[in-house]
$ cat upload37.pdb   # PDB, C-alpha atoms and all ligand atoms
ATOM      1  CA  MET A   1      94.563 -74.136 167.709  1.00  0.00           C
ATOM      2  CA  ARG A   2      91.135 -72.614 168.056  1.00  0.00           C
ATOM      3  CA  ARG A   3      87.953 -72.899 166.148  1.00  0.00           C
ATOM      4  CA  PRO A   4      84.318 -71.952 166.594  1.00  0.00           C
ATOM      5  CA  PRO A   5      82.159 -74.654 168.155  1.00  0.00           C
ATOM      6  CA  THR A   6      80.875 -77.159 165.637  1.00  0.00           C
ATOM      7  CA  ASP A   7      77.595 -79.019 165.613  1.00  0.00           C
ATOM      8  CA  PRO A   8      78.168 -82.672 166.597  1.00  0.00           C
ATOM      9  CA  PHE A   9      74.976 -83.689 164.790  1.00  0.00           C
ATOM     10  CA  PRO A  10      74.778 -81.521 161.704  1.00  0.00           C
ATOM     11  CA  THR A  11      71.503 -81.306 159.838  1.00  0.00           C
ATOM     12  CA  GLU A  12      71.930 -83.102 156.534  1.00  0.00           C
ATOM     13  CA  ARG A  13      70.138 -82.882 153.250  1.00  0.00           C
ATOM     14  CA  VAL A  14      69.184 -86.449 152.394  1.00  0.00           C
ATOM     15  CA  ARG A  15      67.279 -88.274 149.701  1.00  0.00           C
ATOM     16  CA  PRO A  16      66.027 -91.347 151.557  1.00  0.00           C
ATOM     17  CA  PHE A  17      65.466 -94.580 149.661  1.00  0.00           C
ATOM     18  CA  PHE A  18      62.877 -95.924 152.073  1.00  0.00           C
ATOM     19  CA  TRP A  19      59.732 -94.146 153.093  1.00  0.00           C
ATOM     20  CA  LYS A  20      60.313 -91.552 155.789  1.00  0.00           C
ATOM     21  CA  THR A  21      57.664 -89.604 157.608  1.00  0.00           C
ATOM     22  CA  CYS A  22      57.981 -85.860 157.677  1.00  0.00           C
ATOM     23  CA  ASP A  23      57.654 -84.736 161.276  1.00  0.00           C
ATOM     24  CA  SER A  24      56.037 -81.472 160.324  1.00  0.00           C
ATOM     25  CA  CYS A  25      53.252 -82.458 157.909  1.00  0.00           C
ATOM     26  CA  LYS A  26      53.180 -86.223 158.723  1.00  0.00           C
ATOM     27  CA  GLN A  27      53.337 -87.127 155.048  1.00  0.00           C
ATOM     28  CA  GLU A  28      55.682 -89.847 153.854  1.00  0.00           C
ATOM     29  CA  PHE A  29      58.266 -89.162 151.201  1.00  0.00           C
ATOM     30  CA  ARG A  30      61.045 -91.055 149.510  1.00  0.00           C
ATOM     31  CA  ARG A  31      63.572 -90.476 146.733  1.00  0.00           C
ATOM     32  CA  GLU A  32      63.136 -86.740 146.974  1.00  0.00           C
ATOM     33  CA  PRO A  33      65.242 -84.303 148.956  1.00  0.00           C
ATOM     34  CA  GLY A  34      64.524 -83.706 152.598  1.00  0.00           C
ATOM     35  CA  TRP A  35      66.341 -82.999 155.811  1.00  0.00           C
ATOM     36  CA  LEU A  36      67.632 -85.409 158.433  1.00  0.00           C
ATOM     37  CA  ILE A  37      67.709 -83.862 161.883  1.00  0.00           C
ATOM     38  CA  ILE A  38      69.439 -85.809 164.638  1.00  0.00           C
ATOM     39  CA  ILE A  39      68.514 -84.793 168.151  1.00  0.00           C
ATOM     40  CA  PRO A  40      70.535 -86.265 171.029  1.00  0.00           C
ATOM     41  CA  VAL A  41      68.169 -87.574 173.667  1.00  0.00           C
ATOM     42  CA  ALA A  42      70.320 -89.342 176.244  1.00  0.00           C
ATOM     43  CA  ASN A  43      73.883 -90.554 176.527  1.00  0.00           C
ATOM     44  CA  LEU A  44      74.045 -92.745 173.437  1.00  0.00           C
ATOM     45  CA  PHE A  45      70.519 -92.403 172.137  1.00  0.00           C
ATOM     46  CA  VAL A  46      69.555 -90.050 169.389  1.00  0.00           C
ATOM     47  CA  CYS A  47      66.241 -89.242 167.808  1.00  0.00           C
ATOM     48  CA  GLU A  48      66.057 -89.062 164.024  1.00  0.00           C
ATOM     49  CA  LYS A  49      63.625 -86.599 162.570  1.00  0.00           C
ATOM     50  CA  TYR A  50      62.896 -86.041 158.912  1.00  0.00           C
ATOM     51  CA  LEU A  51      61.525 -82.989 157.211  1.00  0.00           C
ATOM     52  CA  CYS A  52      60.300 -82.965 153.645  1.00  0.00           C
ATOM     53  CA  GLU A  53      61.268 -80.401 151.094  1.00  0.00           C
ATOM     54  CA  GLU A  54      57.937 -78.620 151.209  1.00  0.00           C
ATOM     55  CA  CYS A  55      58.074 -78.043 154.974  1.00  0.00           C
ATOM     56  CA  ALA A  56      61.708 -76.940 155.007  1.00  0.00           C
ATOM     57  CA  PRO A  57      62.889 -75.712 151.620  1.00  0.00           C
ATOM     58  CA  THR A  58      66.126 -74.291 152.980  1.00  0.00           C
ATOM     59  CA  LEU A  59      68.632 -75.229 155.633  1.00  0.00           C
ATOM     60  CA  ALA A  60      67.649 -72.176 157.673  1.00  0.00           C
ATOM     61  CA  THR A  61      64.066 -73.375 158.008  1.00  0.00           C
ATOM     62  CA  ALA A  62      65.238 -76.862 158.986  1.00  0.00           C
ATOM     63  CA  LEU A  63      67.516 -75.388 161.647  1.00  0.00           C
ATOM     64  CA  ALA A  64      64.697 -73.182 162.886  1.00  0.00           C
ATOM     65  CA  TRP A  65      62.428 -76.239 163.209  1.00  0.00           C
ATOM     66  CA  ARG A  66      65.169 -78.077 165.055  1.00  0.00           C
ATOM     67  CA  ARG A  67      65.765 -75.179 167.448  1.00  0.00           C
ATOM     68  CA  LYS A  68      62.048 -74.923 168.120  1.00  0.00           C
ATOM     69  CA  TYR A  69      61.815 -78.681 168.677  1.00  0.00           C
ATOM     70  CA  THR A  70      64.746 -78.823 171.091  1.00  0.00           C
ATOM     71  CA  GLU A  71      63.626 -75.750 173.013  1.00  0.00           C
ATOM     72  CA  TYR A  72      59.947 -76.427 173.387  1.00  0.00           C
ATOM     73  CA  GLY A  73      59.700 -80.160 172.764  1.00  0.00           C
ATOM     74  CA  PRO A  74      57.579 -81.786 170.107  1.00  0.00           C
ATOM     75  CA  PRO A  75      54.390 -80.011 169.186  1.00  0.00           C
ATOM     76  CA  PRO A  76      51.290 -81.593 170.723  1.00  0.00           C
ATOM     77  CA  GLN A  77      49.394 -83.996 168.529  1.00  0.00           C
ATOM     78  CA  PRO A  78      45.613 -84.212 168.317  1.00  0.00           C
ATOM     79  CA  GLY A  79      45.422 -87.302 170.558  1.00  0.00           C
ATOM     80  CA  ASP A  80      47.918 -86.185 173.187  1.00  0.00           C
ATOM     81  CA  PHE A  81      45.426 -84.621 175.539  1.00  0.00           C
ATOM     82  CA  PRO A  82      42.287 -86.719 175.491  1.00  0.00           C
ATOM     83  CA  ALA A  83      39.212 -85.215 177.010  1.00  0.00           C
ATOM     84  CA  PRO A  84      38.603 -86.410 180.569  1.00  0.00           C
ATOM     85  CA  PRO A  85      35.904 -89.024 180.910  1.00  0.00           C
ATOM     86  CA  PRO A  86      32.502 -87.678 181.845  1.00  0.00           C
ATOM     87  CA  LYS A  87      31.689 -87.810 185.511  1.00  0.00           C
ATOM     88  CA  ARG A  88      29.216 -90.454 186.502  1.00  0.00           C
ATOM     89  CA  ARG A  89      26.375 -89.446 188.723  1.00  0.00           C
ATOM     90  CA  HIS A  90      24.777 -92.072 190.856  1.00  0.00           C
TER
HETATM   91 ZN    ZN B   1      56.510 -82.072 155.436  1.00  0.00          ZN
END

$ encode --input "upload37.pdb" --output "structure tokens"
Amino acid sequence: MRRPPTDPFPTERVRPFFWKTCDSCKQEFRREPGWLIIIPVANLFVCEKYLCEECAPTLATALAWRRKYTEYGPPPQPGDFPAPPPKRRH
């Protein structure tokens, strides 16, 4: 038998009961539809990412965000690259 390759970690539409942080707009949401994106990191470790409905209204946008995340890594955050300390002159 043959079949096209399937996604081992499919992107699901979820309605989380507890507060989840959207990884695109950093707002928390609960009890409203969003997307659960599971990204395999290492052998048995996965990374769970959530997207709210406003950031990804359709499955295509959620998959596009996931493809961008897995290809280029997470987008840099404001505090990721702190300015170097000023040089001291004696
Ligand atoms: Zn969002």

$ closest_atom_pairs --input "upload37.pdb" --of "chain A" --to "ligand ZN 1 (chain B)" --cutoff "10 Å" --atoms "all atoms listed in the file" --output "CSV"
residue,atom,partner,partner_atom,distance
A:Thr21,CA,B:ZN1,ZN,7.9
A:Cys22,CA,B:ZN1,ZN,4.6
A:Asp23,CA,B:ZN1,ZN,6.5
A:Ser24,CA,B:ZN1,ZN,4.9
A:Cys25,CA,B:ZN1,ZN,4.1
A:Lys26,CA,B:ZN1,ZN,6.3
A:Gln27,CA,B:ZN1,ZN,6.0
A:Glu28,CA,B:ZN1,ZN,8.0
A:Phe29,CA,B:ZN1,ZN,8.4
A:Gly34,CA,B:ZN1,ZN,8.7
A:Trp35,CA,B:ZN1,ZN,9.9
A:Tyr50,CA,B:ZN1,ZN,8.3
A:Leu51,CA,B:ZN1,ZN,5.4
A:Cys52,CA,B:ZN1,ZN,4.3
A:Glu53,CA,B:ZN1,ZN,6.7
A:Glu54,CA,B:ZN1,ZN,5.6
A:Cys55,CA,B:ZN1,ZN,4.3
A:Ala56,CA,B:ZN1,ZN,7.3
A:Pro57,CA,B:ZN1,ZN,9.8

$ resolve_selection --input "upload37.pdb" --expression "the PyMOL selection byres (((chain A and resi 7-11) around 6) and not hetatm)" --output "list in words"
Thr6, Glu12, Leu36, Ile37 and Ile38 of chain A

$ closest_residue --input "upload37.pdb" --among "A:Lys49, A:Arg31, A:Ala62, A:Arg89" --to "Pro74 (chain A)" --atoms "all atoms listed in the file"
A:Lys49

$ closest_residue --input "upload37.pdb" --among "A:Arg88, A:Arg13, A:Val41, A:Glu48" --to "Ala60 (chain A)" --atoms "all atoms listed in the file"
A:Arg13

$ closest_residue --input "upload37.pdb" --among "A:Trp65, A:Thr70, A:Arg30, A:Pro40" --to "Val14 (chain A)" --atoms "only C-alpha atoms"
A:Arg30

$ atom_distance --input "upload37.pdb" --atom1 "CA of Ala64 (chain A)" --atom2 "CA of Ile39 (chain A)"
13.3 Å

$ atom_distance --input "upload37.pdb" --atom1 "CA of Phe81 (chain A)" --atom2 "CA of Lys68 (chain A)"
20.6 Å

$ atom_distance --input "upload37.pdb" --atom1 "CA of Phe18 (chain A)" --atom2 "CA of Leu44 (chain A)"
24.3 Å

$ axis_aligned_box --input "upload37.pdb" --around "region 21-25 of chain A" --padding-each-side "8 Å" --output "AutoDock Vina command-line options"
--center_x 55.6 --center_y -85.5 --center_z 159.4 --size_x 20.7 --size_y 24.1 --size_z 19.7

$ decode --input "upload37.pdb" --residues "region 50-90 of chain A" --atoms "C-alpha atoms" --output "compact mmCIF listing (two decimals), in the first residue's frame"
# COMPACT_ATOMS: atom_id res chain seq x y z
CA TYR A 50 -0.13 28.40 20.37
CA LEU A 51 -1.58 30.90 17.97
CA CYS A 52 -4.72 32.86 18.65
CA GLU A 53 -7.55 33.23 16.21
CA GLU A 54 -6.69 36.80 15.33
CA CYS A 55 -3.11 35.97 14.33
CA ALA A 56 -4.03 32.86 12.35
CA PRO A 57 -7.65 32.86 11.24
CA THR A 58 -7.20 29.91 8.91
CA LEU A 59 -5.21 26.71 8.89
CA ALA A 60 -3.13 27.99 5.98
CA THR A 61 -1.87 30.94 8.00
CA ALA A 62 -1.05 28.68 10.95
CA LEU A 63 0.89 26.34 8.67
CA ALA A 64 2.69 29.30 7.12
CA TRP A 65 3.70 30.52 10.60
CA ARG A 66 4.89 27.04 11.47
CA ARG A 67 6.93 26.72 8.28
CA LYS A 68 8.49 30.11 8.89
CA TYR A 69 9.26 29.19 12.50
CA THR A 70 10.87 25.86 11.64
CA GLU A 71 12.87 27.30 8.76
CA TYR A 72 14.17 30.48 10.29
CA GLY A 73 13.80 29.84 14.01
CA PRO A 74 11.83 31.99 16.40
CA PRO A 75 11.65 35.66 15.59
CA PRO A 76 13.97 37.78 17.73
CA GLN A 77 12.43 39.41 20.76
CA PRO A 78 13.17 42.93 21.94
CA GLY A 79 15.53 41.77 24.71
CA ASP A 80 17.40 39.14 22.72
CA PHE A 81 20.22 41.36 21.59
CA PRO A 82 21.05 43.74 24.40
CA ALA A 83 23.21 46.68 23.56
CA PRO A 84 26.86 46.12 24.48
CA PRO A 85 27.98 47.86 27.63
CA PRO A 86 29.67 51.19 27.09
CA LYS A 87 33.42 51.09 27.02
CA ARG A 88 35.11 52.46 30.08
CA ARG A 89 37.92 54.89 29.58
CA HIS A 90 40.50 55.19 32.28
